>>> print(open('start04.tsv').read())   # TSV, C-alpha atoms
chain	number	residue	atom	x	y	z
A	1	MET	CA	113.66	97.24	99.91
A	2	GLY	CA	110.24	96.82	98.28
A	3	PHE	CA	107.58	94.16	98.06
A	4	ILE	CA	106.47	92.63	94.77
A	5	PRO	CA	103.70	90.00	95.03
A	6	SER	CA	104.05	86.69	93.25
A	7	ILE	CA	102.25	86.14	89.95
A	8	LYS	CA	99.72	83.90	91.71
A	9	LEU	CA	98.96	86.47	94.40
A	10	SER	CA	98.88	89.33	91.85
A	11	GLU	CA	96.05	87.56	90.04
A	12	VAL	CA	94.15	87.19	93.32
A	13	LEU	CA	94.72	90.84	94.27
A	14	SER	CA	93.44	92.07	90.90
A	15	ASN	CA	90.02	90.51	91.64
A	16	ALA	CA	89.78	91.17	95.38
A	17	ALA	CA	88.46	94.24	97.16
A	18	VAL	CA	90.05	93.47	100.54
A	19	GLY	CA	91.66	90.43	102.10
A	20	LEU	CA	94.57	88.85	103.94
A	21	TRP	CA	96.93	86.29	102.45
A	22	VAL	CA	100.05	84.34	103.40
A	23	GLU	CA	102.91	84.73	100.92
A	24	GLN	CA	106.15	82.77	100.64
A	25	LEU	CA	108.82	85.27	99.64
A	26	GLY	CA	111.68	84.59	97.26
A	27	ASP	CA	114.29	84.63	100.04
A	28	GLY	CA	112.43	81.95	102.02
A	29	ARG	CA	110.74	84.31	104.47
A	30	THR	CA	106.99	84.25	105.02
A	31	ALA	CA	104.83	87.37	104.90
A	32	LEU	CA	101.29	88.52	105.52
A	33	VAL	CA	99.78	90.56	102.67
A	34	CYS	CA	96.71	92.72	103.30
A	35	LYS	CA	94.68	94.56	100.68
A	36	ALA	CA	92.86	97.49	102.26
A	37	PRO	CA	91.61	101.00	101.49
A	38	GLU	CA	94.47	103.47	101.42
A	39	SER	CA	92.78	105.50	104.16
A	40	THR	CA	93.20	102.46	106.45
A	41	ILE	CA	96.83	101.99	105.40
A	42	LYS	CA	97.49	105.66	106.20
A	43	ALA	CA	96.19	105.01	109.72
A	44	LEU	CA	98.70	102.17	110.06
A	45	HIS	CA	101.44	104.53	108.89
A	46	LEU	CA	100.39	106.93	111.65
A	47	GLY	CA	100.65	104.17	114.28
A	48	ALA	CA	97.15	102.67	114.51
A	49	ALA	CA	97.03	99.41	116.46
A	50	CYS	CA	96.94	96.23	114.40
A	51	THR	CA	95.74	92.73	115.38
A	52	PHE	CA	95.99	89.32	113.68
A	53	LEU	CA	92.80	87.24	114.02
A	54	LEU	CA	92.47	83.46	113.54
A	55	SER	CA	89.53	81.14	114.09
A	56	THR	CA	88.43	77.72	112.93
A	57	ILE	CA	84.70	77.80	112.26
A	58	GLN	CA	82.26	74.94	111.87
A	59	ALA	CA	80.17	75.42	108.71
A	60	GLU	CA	77.86	72.46	108.14
A	61	SER	CA	80.13	69.42	107.65
A	62	LEU	CA	83.43	71.35	107.35
A	63	THR	CA	85.67	73.17	109.81
A	64	ILE	CA	87.11	76.19	108.00
A	65	LEU	CA	90.15	78.26	108.97
A	66	CYS	CA	89.42	81.99	108.79
A	67	LEU	CA	92.02	84.75	108.97
A	68	GLY	CA	91.60	88.42	109.67
A	69	LEU	CA	93.50	91.64	110.22
A	70	ARG	CA	91.98	94.41	112.33
A	71	VAL	CA	93.28	97.95	112.08
A	72	ASP	CA	92.08	100.44	114.68
A	73	ASP	CA	91.78	103.24	112.14
A	74	GLU	CA	88.47	104.53	113.47
A	75	PRO	CA	87.27	104.29	117.09
A	76	GLU	CA	83.71	103.08	116.51
A	77	SER	CA	84.18	100.86	113.46
A	78	PRO	CA	87.76	99.61	112.98
A	79	PHE	CA	88.67	98.11	109.61
A	80	LYS	CA	88.76	94.33	109.29
A	81	ALA	CA	90.00	92.25	106.36
A	82	LEU	CA	88.57	88.72	106.58
A	83	ILE	CA	89.16	85.65	104.43
A	84	ALA	CA	88.73	81.87	104.52
A	85	ASN	CA	91.92	79.88	103.95
A	86	CYS	CA	91.92	76.23	102.88
A	87	SER	CA	95.47	76.04	101.53
A	88	PRO	CA	97.63	73.16	102.84
A	89	GLU	CA	100.76	75.20	102.06
A	90	ASP	CA	99.46	78.18	104.02
A	91	ALA	CA	98.60	76.01	107.03
A	92	ALA	CA	102.26	75.11	107.48
A	93	LEU	CA	103.40	78.69	106.82
A	94	LEU	CA	100.98	80.05	109.42
A	95	VAL	CA	102.33	77.71	112.06
A	96	GLN	CA	105.84	78.84	111.09
A	97	ILE	CA	104.86	82.51	111.53
A	98	LEU	CA	103.21	81.87	114.88
A	99	GLU	CA	106.11	79.80	116.23
A	100	SER	CA	108.73	82.32	115.14
A	101	GLY	CA	106.71	85.24	116.45
A	102	ALA	CA	107.84	87.38	113.53
A	103	THR	CA	106.95	88.10	109.92
A	104	THR	CA	106.60	91.04	107.56
A	105	LEU	CA	103.34	92.79	106.71
A	106	HIS	CA	102.77	94.27	103.26
A	107	CYS	CA	99.74	96.46	102.55
A	108	ILE	CA	98.24	96.86	99.07
A	109	ASN	CA	95.88	99.71	98.16
A	110	GLU	CA	92.94	99.90	95.74
A	111	LEU	CA	95.19	100.32	92.70
A	112	ASN	CA	97.20	97.25	93.82
A	113	HIS	CA	100.14	99.45	94.79
A	114	PRO	CA	102.30	97.96	97.60
A	115	VAL	CA	102.27	101.19	99.60
A	116	LEU	CA	103.41	100.11	103.07
A	117	SER	CA	105.65	97.37	104.47
A	118	ALA	CA	106.74	96.65	108.01
A	119	TRP	CA	108.69	94.23	110.13
A	120	CYS	CA	106.09	92.59	112.31
A	121	SER	CA	106.45	90.95	115.72
A	122	LEU	CA	103.59	88.95	117.26
A	123	GLU	CA	102.70	89.08	120.93
A	124	PRO	CA	104.61	85.97	122.16
A	125	LYS	CA	102.13	84.32	124.52
A	126	SER	CA	99.07	84.50	122.27
A	127	ALA	CA	101.15	83.51	119.22
A	128	THR	CA	102.49	80.39	120.95
A	129	LEU	CA	99.02	79.34	122.09
A	130	ALA	CA	97.67	79.88	118.58
A	131	ALA	CA	100.52	77.83	117.05
A	132	ASN	CA	99.81	74.90	119.35
A	133	ALA	CA	96.08	75.05	118.65
A	134	LEU	CA	96.55	75.38	114.90
A	135	ARG	CA	99.05	72.51	114.76
A	136	SER	CA	96.51	70.14	116.30
A	137	SER	CA	93.53	71.54	114.41
A	138	ASN	CA	91.63	69.32	111.99
A	139	HIS	CA	90.33	72.17	109.81
A	140	TRP	CA	89.52	71.32	106.20
A	141	LEU	CA	92.27	71.70	103.59
A	142	LEU	CA	91.79	71.70	99.85
A	143	THR	CA	93.69	68.70	98.46
A	144	PRO	CA	92.96	66.42	95.47
A	145	PRO	CA	91.42	63.72	97.73
A	146	SER	CA	89.40	66.16	99.88
A	147	SER	CA	88.08	68.02	96.83
A	148	LYS	CA	86.28	64.88	95.70
A	149	LEU	CA	84.24	64.78	98.91
A	150	VAL	CA	82.58	68.20	98.51
A	151	LYS	CA	80.74	69.58	95.48
A	152	LEU	CA	81.82	73.06	94.39
A	153	PRO	CA	78.43	74.77	95.02
A	154	ASP	CA	78.35	73.20	98.51
A	155	LEU	CA	81.91	74.33	99.23
A	156	SER	CA	81.16	77.90	98.15
A	157	ARG	CA	78.12	77.98	100.43
A	158	MET	CA	80.09	76.60	103.39
A	159	LEU	CA	82.92	79.09	102.93
A	160	GLU	CA	80.44	81.98	102.89
A	161	LEU	CA	78.77	80.59	106.01
A	162	ALA	CA	82.14	80.26	107.77
A	163	LEU	CA	83.01	83.87	106.95
A	164	ASP	CA	79.62	85.07	108.17
A	165	ARG	CA	80.11	83.23	111.46
A	166	PHE	CA	83.69	84.49	111.75
A	167	GLN	CA	82.47	88.04	111.25
A	168	ALA	CA	79.74	87.58	113.85
A	169	HIS	CA	82.34	86.17	116.24
A	170	ILE	CA	84.79	89.07	115.98
A	171	HIS	CA	82.00	91.68	116.10
A	172	ARG	CA	80.30	90.23	119.13
A	173	SER	CA	80.20	92.09	122.44
A	174	LEU	CA	82.84	91.08	124.96
A	175	ASP	CA	79.99	90.00	127.25
A	176	ASP	CA	78.56	87.61	124.66
A	177	PRO	CA	79.60	83.95	124.87
A	178	VAL	CA	81.69	82.42	122.10
A	179	SER	CA	79.51	80.49	119.66
A	180	GLU	CA	79.78	76.71	119.64
A	181	ASP	CA	80.57	77.01	115.92
A	182	VAL	CA	83.93	78.56	116.82
A	183	LYS	CA	86.27	75.63	117.44
A	184	MET	CA	89.51	77.59	117.95
A	185	THR	CA	90.17	81.31	118.10
A	186	ALA	CA	93.12	83.62	118.66
A	187	THR	CA	93.61	87.38	118.84
A	188	ILE	CA	97.26	88.34	118.44
A	189	PRO	CA	98.44	91.95	118.76
A	190	LEU	CA	101.07	92.95	116.21
A	191	ASN	CA	103.92	95.38	116.74
A	192	LEU	CA	104.98	97.05	113.48
A	193	ASP	CA	108.33	98.59	112.57
A	194	ILE	CA	107.38	100.39	109.36
A	195	TRP	CA	109.86	100.58	106.53
A	196	LYS	CA	110.61	103.86	104.81
A	197	PRO	CA	107.76	104.26	102.27
A	198	SER	CA	108.66	104.03	98.58
A	199	GLU	CA	107.51	106.26	95.76
A	200	ILE	CA	105.31	104.47	93.23
A	201	PHE	CA	104.54	105.45	89.66
A	202	GLU	CA	101.61	104.19	87.57
A	203	VAL	CA	102.13	104.18	83.81
A	204	THR	CA	99.46	103.92	81.11
A	205	PRO	CA	100.13	104.25	77.37
A	206	THR	CA	99.41	107.98	77.57
A	207	VAL	CA	99.77	109.04	81.24
A	208	THR	CA	102.40	108.64	83.93
A	209	GLY	CA	100.82	109.00	87.35
A	210	GLY	CA	102.78	109.69	90.48
A	211	PRO	CA	104.76	109.81	92.52
A	212	PHE	CA	102.35	108.09	94.90
A	213	LEU	CA	103.55	108.08	98.51
A	214	ILE	CA	101.54	106.88	101.50
A	215	ALA	CA	102.74	109.84	103.59
A	216	ASP	CA	101.67	112.48	101.04
A	217	GLU	CA	99.69	115.00	103.09
A	218	ASP	CA	98.12	116.52	99.97
A	219	GLU	CA	95.50	113.79	100.08
A	220	GLY	CA	93.06	115.49	97.72
A	221	SER	CA	95.62	115.97	94.95
A	222	LYS	CA	96.84	112.40	95.35
A	223	LEU	CA	93.31	111.02	94.96
A	224	GLU	CA	92.87	113.12	91.79
A	225	ARG	CA	96.07	111.65	90.33
A	226	MET	CA	94.92	108.12	91.14
A	227	ILE	CA	91.55	108.78	89.47
A	228	HIS	CA	93.30	110.24	86.40
A	229	VAL	CA	95.28	107.01	85.95
A	230	VAL	CA	92.07	104.95	86.06
A	231	VAL	CA	90.12	107.27	83.73
A	232	ASP	CA	92.99	107.39	81.24
A	233	SER	CA	92.89	103.59	81.00
A	234	ILE	CA	89.35	103.98	79.62
A	235	TYR	CA	89.96	107.11	77.52
A	236	PRO	CA	93.67	106.87	76.59
A	237	GLY	CA	95.00	110.17	75.35
A	238	SER	CA	91.66	111.91	75.96
A	239	SER	CA	91.74	112.36	79.72
A	240	TYR	CA	92.63	115.55	81.56
A	241	ARG	CA	93.31	116.39	85.19
A	242	SER	CA	91.95	119.76	86.36
A	243	PRO	CA	90.91	121.06	82.93
A	244	ASP	CA	89.92	124.72	82.84
A	245	VAL	CA	86.73	126.29	81.51
A	246	GLN	CA	86.25	129.83	80.24
A	247	ASP	CA	84.06	131.72	82.70
A	248	GLY	CA	83.70	135.24	81.37
A	249	LYS	CA	87.17	136.75	81.38
A	250	ILE	CA	88.72	134.17	83.71
A	251	LEU	CA	89.58	130.49	83.60
A	252	ARG	CA	88.47	128.21	86.43
A	253	GLU	CA	88.55	124.46	87.01
A	254	LEU	CA	85.85	122.54	85.16
A	255	ALA	CA	86.25	119.25	87.07
A	256	ASP	CA	88.98	117.30	88.81
A	257	VAL	CA	89.21	114.77	85.96
A	258	LEU	CA	87.62	114.71	82.51
A	259	GLY	CA	87.67	111.84	80.00
A	260	PHE	CA	85.80	111.38	76.73
A	261	ASP	CA	85.61	109.85	73.28
A	262	SER	CA	83.14	110.19	70.43
A	263	ASP	CA	80.39	108.36	72.33
A	264	PHE	CA	80.86	108.96	76.05
A	265	ILE	CA	81.94	111.66	78.50
A	266	CYS	CA	83.10	111.09	82.07
A	267	ALA	CA	83.42	114.01	84.51
A	268	VAL	CA	84.78	113.36	88.01
A	269	GLN	CA	85.03	115.25	91.29
A	270	ALA	CA	87.41	113.78	93.88
A	271	LYS	CA	86.58	114.02	97.58
A	272	ALA	CA	89.34	112.67	99.81
A	273	LEU	CA	88.71	111.58	103.39
A	274	ALA	CA	91.47	113.35	105.31
A	275	VAL	CA	93.47	110.95	107.49
A	276	LEU	CA	96.98	112.33	107.86
A	277	THR	CA	95.84	115.79	108.99
A	278	VAL	CA	92.88	114.77	111.18
A	279	HIS	CA	92.94	113.61	114.79
A	280	SER	CA	92.51	109.82	114.91
A	281	GLU	CA	89.93	110.04	117.70
A	282	GLN	CA	87.49	112.13	115.64
A	283	PRO	CA	84.01	110.64	116.25
A	284	SER	CA	82.17	108.77	113.54
A	285	SER	CA	79.35	111.33	113.46
A	286	ARG	CA	81.81	114.13	112.65
A	287	ARG	CA	83.46	112.11	109.88
A	288	ALA	CA	80.10	111.09	108.42
A	289	GLY	CA	78.95	114.69	108.42
A	290	ASN	CA	82.07	115.84	106.59
A	291	VAL	CA	81.77	113.09	103.97
A	292	GLY	CA	78.09	113.87	103.43
A	293	LYS	CA	78.85	117.56	102.88
A	294	ASP	CA	81.65	116.69	100.45
A	295	ILE	CA	79.33	114.46	98.41
A	296	LYS	CA	76.66	117.14	98.10
A	297	LYS	CA	79.28	119.71	97.13
A	298	GLY	CA	80.68	117.31	94.51
A	299	LEU	CA	77.25	116.70	92.98
A	300	ASN	CA	76.68	120.45	92.69
A	301	GLN	CA	80.13	120.98	91.15
A	302	LEU	CA	79.44	118.27	88.57
A	303	ALA	CA	76.08	119.82	87.70
A	304	GLY	CA	77.89	123.08	86.95
A	305	ALA	CA	80.54	121.26	84.91
A	306	LEU	CA	77.86	119.56	82.82
A	307	THR	CA	76.16	122.88	82.11
A	308	ASN	CA	79.45	124.18	80.72
A	309	ILE	CA	80.05	121.02	78.70
A	310	ARG	CA	76.57	120.92	77.19
A	311	THR	CA	76.43	124.65	76.34
A	312	GLY	CA	79.73	124.60	74.48
A	313	SER	CA	81.91	126.62	76.86
A	314	SER	CA	85.58	126.52	75.88
A	315	VAL	CA	87.53	123.90	77.81
A	316	PHE	CA	91.34	123.88	78.06
A	317	PRO	CA	94.00	121.56	79.47
A	318	HIS	CA	95.15	122.93	82.82
A	319	ARG	CA	97.13	126.15	82.29
A	320	GLU	CA	97.20	125.75	78.50
A	321	ASN	CA	95.71	127.94	75.78
A	322	THR	CA	94.65	125.45	73.10
A	323	PRO	CA	90.98	124.42	73.54
A	324	ILE	CA	90.05	120.78	73.93
A	325	SER	CA	87.77	119.43	71.22
A	326	ILE	CA	85.07	117.32	72.88
A	327	PRO	CA	83.14	115.48	70.12
A	328	ASN	CA	79.36	115.26	70.39
A	329	ARG	CA	79.44	117.14	73.69
A	330	GLU	CA	75.77	118.12	73.38
A	331	THR	CA	74.51	114.53	72.96
A	332	SER	CA	77.10	112.04	74.28
A	333	LEU	CA	76.00	109.84	77.17
A	334	THR	CA	77.69	111.39	80.20
A	335	HIS	CA	78.60	109.93	83.56
A	336	ALA	CA	79.14	112.41	86.41
A	337	ILE	CA	80.99	110.72	89.26
A	338	VAL	CA	81.85	111.82	92.78
A	339	VAL	CA	84.80	109.61	93.79
A	340	LEU	CA	85.58	109.25	97.48
A	341	SER	CA	88.70	107.82	99.05
A	342	GLU	CA	86.42	105.47	101.00
A	343	MET	CA	82.70	104.59	101.17
A	344	TYR	CA	82.44	105.63	104.80
A	345	THR	CA	79.95	103.38	106.61
A	346	PHE	CA	78.12	105.93	108.74
A	347	VAL	CA	77.00	108.24	105.92
A	348	ASP	CA	73.25	108.39	105.20
A	349	TRP	CA	73.56	106.46	101.94
A	350	ARG	CA	69.79	106.41	101.34
A	351	ALA	CA	69.76	110.20	101.30
A	352	ILE	CA	72.75	110.14	98.93
A	353	ALA	CA	70.93	107.69	96.62
A	354	ALA	CA	67.96	110.06	96.52
A	355	ALA	CA	70.22	113.01	95.66
A	356	VAL	CA	71.91	110.97	92.91
A	357	ALA	CA	68.53	109.98	91.44
A	358	LYS	CA	67.32	113.58	91.48
A	359	ALA	CA	70.46	114.81	89.70
A	360	SER	CA	70.21	112.01	87.12
A	361	ASP	CA	66.59	112.93	86.37
A	362	SER	CA	67.51	116.49	85.39
A	363	GLU	CA	66.80	117.20	81.71
A	364	ALA	CA	69.28	120.06	81.81
A	365	HIS	CA	72.25	117.82	82.57
A	366	ARG	CA	71.30	114.71	80.58
A	367	ALA	CA	73.72	112.59	82.60
A	368	LEU	CA	73.86	109.69	85.02
A	369	PHE	CA	75.27	110.71	88.40
A	370	HIS	CA	77.18	108.32	90.66
A	371	VAL	CA	78.84	108.33	94.08
A	372	LEU	CA	81.48	105.67	94.69
A	373	ASP	CA	85.02	105.32	96.00
A	374	ILE	CA	88.38	104.72	94.34
A	375	GLN	CA	88.13	101.00	95.05
A	376	GLU	CA	84.81	100.78	93.21
A	377	LEU	CA	86.03	102.96	90.32
A	378	THR	CA	89.09	100.73	89.90
A	379	ASN	CA	86.93	97.62	90.03
A	380	LEU	CA	84.53	98.95	87.38
A	381	ALA	CA	87.39	99.94	85.09
A	382	ALA	CA	89.25	96.63	85.45
A	383	ASN	CA	89.64	94.66	82.21
A	384	CYS	CA	87.40	97.05	80.25
A	385	LYS	CA	87.92	96.49	76.54
A	386	ASP	CA	86.49	99.92	75.70
A	387	SER	CA	84.56	102.92	77.01
A	388	GLU	CA	81.25	101.27	76.09
A	389	THR	CA	81.94	98.42	78.54
A	390	PHE	CA	82.82	100.93	81.25
A	391	SER	CA	79.66	102.92	80.58
A	392	HIS	CA	77.56	99.76	80.67
A	393	ARG	CA	79.00	98.79	84.06
A	394	LEU	CA	78.35	102.26	85.47
A	395	THR	CA	74.79	102.22	84.12
A	396	GLN	CA	74.09	98.81	85.64
A	397	ARG	CA	75.43	99.99	88.99
A	398	GLY	CA	73.28	103.14	88.76
A	399	PHE	CA	70.16	101.07	88.19
A	400	PHE	CA	71.07	98.86	91.14
A	401	VAL	CA	71.46	101.92	93.39
A	402	GLN	CA	67.99	103.11	92.37
A	403	GLU	CA	66.50	99.66	92.89
A	404	LYS	CA	68.01	99.22	96.38
A	405	GLY	CA	67.51	102.83	97.43
A	406	THR	CA	71.04	103.12	98.80
A	407	ALA	CA	74.30	104.31	97.27
A	408	TYR	CA	76.29	101.97	99.52
A	409	VAL	CA	76.69	99.10	97.06
A	410	ARG	CA	79.55	97.15	95.53
A	411	ALA	CA	79.72	95.83	91.97
A	412	LYS	CA	80.92	92.27	91.44
A	413	SER	CA	84.54	92.03	90.34
A	414	PRO	CA	84.69	91.54	86.54
A	415	VAL	CA	86.19	88.28	85.32
>>> encode(input="start04.tsv", output="structure tokens")
Amino acid sequence: MGFIPSIKLSEVLSNAAVGLWVEQLGDGRTALVCKAPESTIKALHLGAACTFLLSTIQAESLTILCLGLRVDDEPESPFKALIANCSPEDAALLVQILESGATTLHCINELNHPVLSAWCSLEPKSATLAANALRSSNHWLLTPPSSKLVKLPDLSRMLELALDRFQAHIHRSLDDPVSEDVKMTATIPLNLDIWKPSEIFEVTPTVTGGPFLIADEDEGSKLERMIHVVVDSIYPGSSYRSPDVQDGKILRELADVLGFDSDFICAVQAKALAVLTVHSEQPSSRRAGNVGKDIKKGLNQLAGALTNIRTGSSVFPHRENTPISIPNRETSLTHAIVVLSEMYTFVDWRAIAAAVAKASDSEAHRALFHVLDIQELTNLAANCKDSETFSHRLTQRGFFVQEKGTAYVRAKSPV
């Protein structure tokens, strides 16, 4: 039994980084769909607590319904997917979910793979109270008549304000009073009965990636395979996972993923945040330290890979004997990318930005260095018509990192 989102929701998911939506399934059931980093979904698979959040928030002249899902994947900074919902259809479906006390939850990762599904029961008392409050709520719904009363720029501003206030509300200390802007609020614990995970395959014209399984404990290899699928969409037929380089009498790995054409080269090192093999109570400082070390190691590995590429060292597909011909390898604009499974909040991203700038300034490498996660890589590669577009997006993001002095940035989703 697997989950396939509707065409309407698929279009939304393709342009969203994270979020929570209500979906009417083909058999008449109603589901919650959450897009989240796969590291968070792995925590759910391991049994992390999960909570459904609802509030109606006053934002200027409108009262906006906001939805959220909190996953206790990390003790000091649990993941939260937040979204404003103005759909009249969803309002009725939400009441239905709350009154029944049951639904299904479907989690989508950065590549829009439906990687985890679960039967979901809501804590009865809080769900009933929320249903009663929501049924009598006068929050704003987007209908043809109501749309004429608010200009689009004003509506966009009010929705952003509502989300900001919703975020402030759920992040407040338990000792802080509830803001007067919060008209109704509910926190509903969810009990999940997780379905047996399915294997997923990703197919491009020249690469078949997979199987992808949420319970795969080889998290580093899985991240490499996900990256390869994305890179091959930019360089179809000219992308390689774990290519080898001649180092004296031996062959060793050049990079985790390599892609190129006649104008551009892309070399990638994957650094996965271990979730399935690490104790869930590991403190944030320990995780941040590990991620920081991985990034620095990845930057050094890429510098070595670029030296081999620029100096003409023989490069081979993994465990093959026929050399790869990389056109214009001495002069092509090159992007060297450390790809993480997640942009972990507590890392010193200003120090990382400085290290990226220093590596990019090296005349020996003649490359732009980047540090981002699989979500950001997927976003940058989305709807790229060619490698030039992809390179342009990476370059723009690199300039923005230098301007802001931090590597913790997100590019806007391409249209």
>>> closest_atom_pairs(input="start04.tsv", of="region 146-246 of chain A", to="region 334-353 of chain A", cutoff="12 Å", atoms="all atoms listed in the file", output="Markdown table")
| residue | atom | partner | partner_atom | distance |
| --- | --- | --- | --- | --- |
| A:Glu219 | CA | A:Ser341 | CA | 9.1 |
| A:Gly220 | CA | A:Ser341 | CA | 8.9 |
| A:Ser221 | CA | A:Ser341 | CA | 11.5 |
| A:Lys222 | CA | A:Ser341 | CA | 10.0 |
| A:Leu223 | CA | A:Ser341 | CA | 6.9 |
| A:Glu224 | CA | A:Val339 | CA | 9.0 |
| A:Arg225 | CA | A:Val339 | CA | 12.0 |
| A:Met226 | CA | A:Ser341 | CA | 10.1 |
| A:Ile227 | CA | A:Val339 | CA | 8.1 |
| A:His228 | CA | A:Val339 | CA | 11.3 |
| A:Val230 | CA | A:Val339 | CA | 11.6 |
| A:Val231 | CA | A:Ile337 | CA | 11.2 |
>>> residues_around(input="start04.tsv", residues="Ile214 (chain A)", least_positions_apart="3", cutoff="7 Å", atoms="only C-alpha atoms", output="number ranges by chain")
A: 42, 115, 197
>>> closest_residue(input="start04.tsv", among="A:Ile41, A:Cys86, A:Ile108, A:Leu134", to="Ile200 (chain A)", atoms="only C-alpha atoms")
A:Ile108
>>> atom_distance(input="start04.tsv", atom1="CA of Thr406 (chain A)", atom2="CA of Ser14 (chain A)")
26.2 Å
>>> closest_residue(input="start04.tsv", among="A:Asp164, A:Glu403, A:Asp263, A:Glu388", to="Val182 (chain A)", atoms="only C-alpha atoms")
A:Asp164
>>> residues_around(input="start04.tsv", residues="Ser387 (chain A)", least_positions_apart="3", cutoff="10 Å", atoms="only C-alpha atoms", output="PDB file with C-alpha atoms, in the coordinates of the input")
ATOM      1  CA  VAL A 231      90.120 107.270  83.730  1.00  0.00           C
ATOM      2  CA  SER A 233      92.890 103.590  81.000  1.00  0.00           C
ATOM      3  CA  ILE A 234      89.350 103.980  79.620  1.00  0.00           C
ATOM      4  CA  TYR A 235      89.960 107.110  77.520  1.00  0.00           C
ATOM      5  CA  PRO A 236      93.670 106.870  76.590  1.00  0.00           C
ATOM      6  CA  GLY A 259      87.670 111.840  80.000  1.00  0.00           C
ATOM      7  CA  PHE A 260      85.800 111.380  76.730  1.00  0.00           C
ATOM      8  CA  ASP A 261      85.610 109.850  73.280  1.00  0.00           C
ATOM      9  CA  SER A 262      83.140 110.190  70.430  1.00  0.00           C
ATOM     10  CA  ASP A 263      80.390 108.360  72.330  1.00  0.00           C
ATOM     11  CA  PHE A 264      80.860 108.960  76.050  1.00  0.00           C
ATOM     12  CA  ILE A 265      81.940 111.660  78.500  1.00  0.00           C
ATOM     13  CA  CYS A 266      83.100 111.090  82.070  1.00  0.00           C
ATOM     14  CA  ALA A 381      87.390  99.940  85.090  1.00  0.00           C
ATOM     15  CA  CYS A 384      87.400  97.050  80.250  1.00  0.00           C
ATOM     16  CA  PHE A 390      82.820 100.930  81.250  1.00  0.00           C
ATOM     17  CA  SER A 391      79.660 102.920  80.580  1.00  0.00           C
ATOM     18  CA  HIS A 392      77.560  99.760  80.670  1.00  0.00           C
ATOM     19  CA  ARG A 393      79.000  98.790  84.060  1.00  0.00           C
TER      20      ARG A 393
END
>>> closest_atom_pairs(input="start04.tsv", of="region 228-330 of chain A", to="region 355-377 of chain A", cutoff="10 Å", atoms="only C-alpha atoms", output="CSV")
residue,atom,partner,partner_atom,distance
A:Val230,CA,A:Leu377,CA,7.7
A:Val231,CA,A:Leu377,CA,8.9
A:Ile265,CA,A:Ala367,CA,9.2
A:Cys266,CA,A:Ala367,CA,9.5
A:Ala267,CA,A:Phe369,CA,9.6
A:Val268,CA,A:His370,CA,9.5
A:Gln269,CA,A:Val371,CA,9.7
A:Ala270,CA,A:Asp373,CA,9.0
A:Lys271,CA,A:Asp373,CA,9.0
A:Ala272,CA,A:Asp373,CA,9.3
A:Ile295,CA,A:Val371,CA,7.5
A:Lys296,CA,A:Ala355,CA,8.0
A:Gly298,CA,A:Val371,CA,9.2
A:Leu299,CA,A:Ala359,CA,7.8
A:Asn300,CA,A:Ala359,CA,8.9
A:Leu302,CA,A:Phe369,CA,8.6
A:Ala303,CA,A:His365,CA,6.7
A:Gly304,CA,A:His365,CA,8.9
A:Ala305,CA,A:His365,CA,9.3
A:Leu306,CA,A:His365,CA,5.9
A:Thr307,CA,A:His365,CA,6.4
A:Asn308,CA,A:His365,CA,9.8
A:Ile309,CA,A:His365,CA,9.3
A:Arg310,CA,A:His365,CA,7.6
A:Glu330,CA,A:Arg366,CA,9.1
>>> closest_residue(input="start04.tsv", among="A:Ile170, A:Leu141, A:Ala288, A:Leu25", to="His106 (chain A)", atoms="only C-alpha atoms")
A:Leu25
>>> residues_near_point(input="start04.tsv", point="(108.2, 83.8, 98.9)", cutoff="12 Å", atoms="all atoms listed in the file", output="PDB file with C-alpha atoms, keeping the file's coordinate frame")
ATOM      1  CA  PHE A   3     107.580  94.160  98.060  1.00  0.00           C
ATOM      2  CA  ILE A   4     106.470  92.630  94.770  1.00  0.00           C
ATOM      3  CA  PRO A   5     103.700  90.000  95.030  1.00  0.00           C
ATOM      4  CA  SER A   6     104.050  86.690  93.250  1.00  0.00           C
ATOM      5  CA  ILE A   7     102.250  86.140  89.950  1.00  0.00           C
ATOM      6  CA  LYS A   8      99.720  83.900  91.710  1.00  0.00           C
ATOM      7  CA  LEU A   9      98.960  86.470  94.400  1.00  0.00           C
ATOM      8  CA  VAL A  22     100.050  84.340 103.400  1.00  0.00           C
ATOM      9  CA  GLU A  23     102.910  84.730 100.920  1.00  0.00           C
ATOM     10  CA  GLN A  24     106.150  82.770 100.640  1.00  0.00           C
ATOM     11  CA  LEU A  25     108.820  85.270  99.640  1.00  0.00           C
ATOM     12  CA  GLY A  26     111.680  84.590  97.260  1.00  0.00           C
ATOM     13  CA  ASP A  27     114.290  84.630 100.040  1.00  0.00           C
ATOM     14  CA  GLY A  28     112.430  81.950 102.020  1.00  0.00           C
ATOM     15  CA  ARG A  29     110.740  84.310 104.470  1.00  0.00           C
ATOM     16  CA  THR A  30     106.990  84.250 105.020  1.00  0.00           C
ATOM     17  CA  ALA A  31     104.830  87.370 104.900  1.00  0.00           C
ATOM     18  CA  LEU A  32     101.290  88.520 105.520  1.00  0.00           C
ATOM     19  CA  VAL A  33      99.780  90.560 102.670  1.00  0.00           C
ATOM     20  CA  GLU A  89     100.760  75.200 102.060  1.00  0.00           C
ATOM     21  CA  ASP A  90      99.460  78.180 104.020  1.00  0.00           C
ATOM     22  CA  LEU A  93     103.400  78.690 106.820  1.00  0.00           C
ATOM     23  CA  THR A 103     106.950  88.100 109.920  1.00  0.00           C
ATOM     24  CA  THR A 104     106.600  91.040 107.560  1.00  0.00           C
TER      25      THR A 104
END
>>> atom_distance(input="start04.tsv", atom1="CA of Thr331 (chain A)", atom2="CA of Ser238 (chain A)")
17.6 Å
>>> decode(input="start04.tsv", residues="region 211-215 of chain A", atoms="C-alpha atoms", output="compact mmCIF listing (two decimals), in the first residue's frame")
# COMPACT_ATOMS: atom_id res chain seq x y z
CA PRO A 211 16.48 1.35 -4.29
CA PHE A 212 15.82 4.15 -1.80
CA LEU A 213 14.52 2.90 1.55
CA ILE A 214 13.98 5.05 4.63
CA ALA A 215 15.45 2.32 6.87
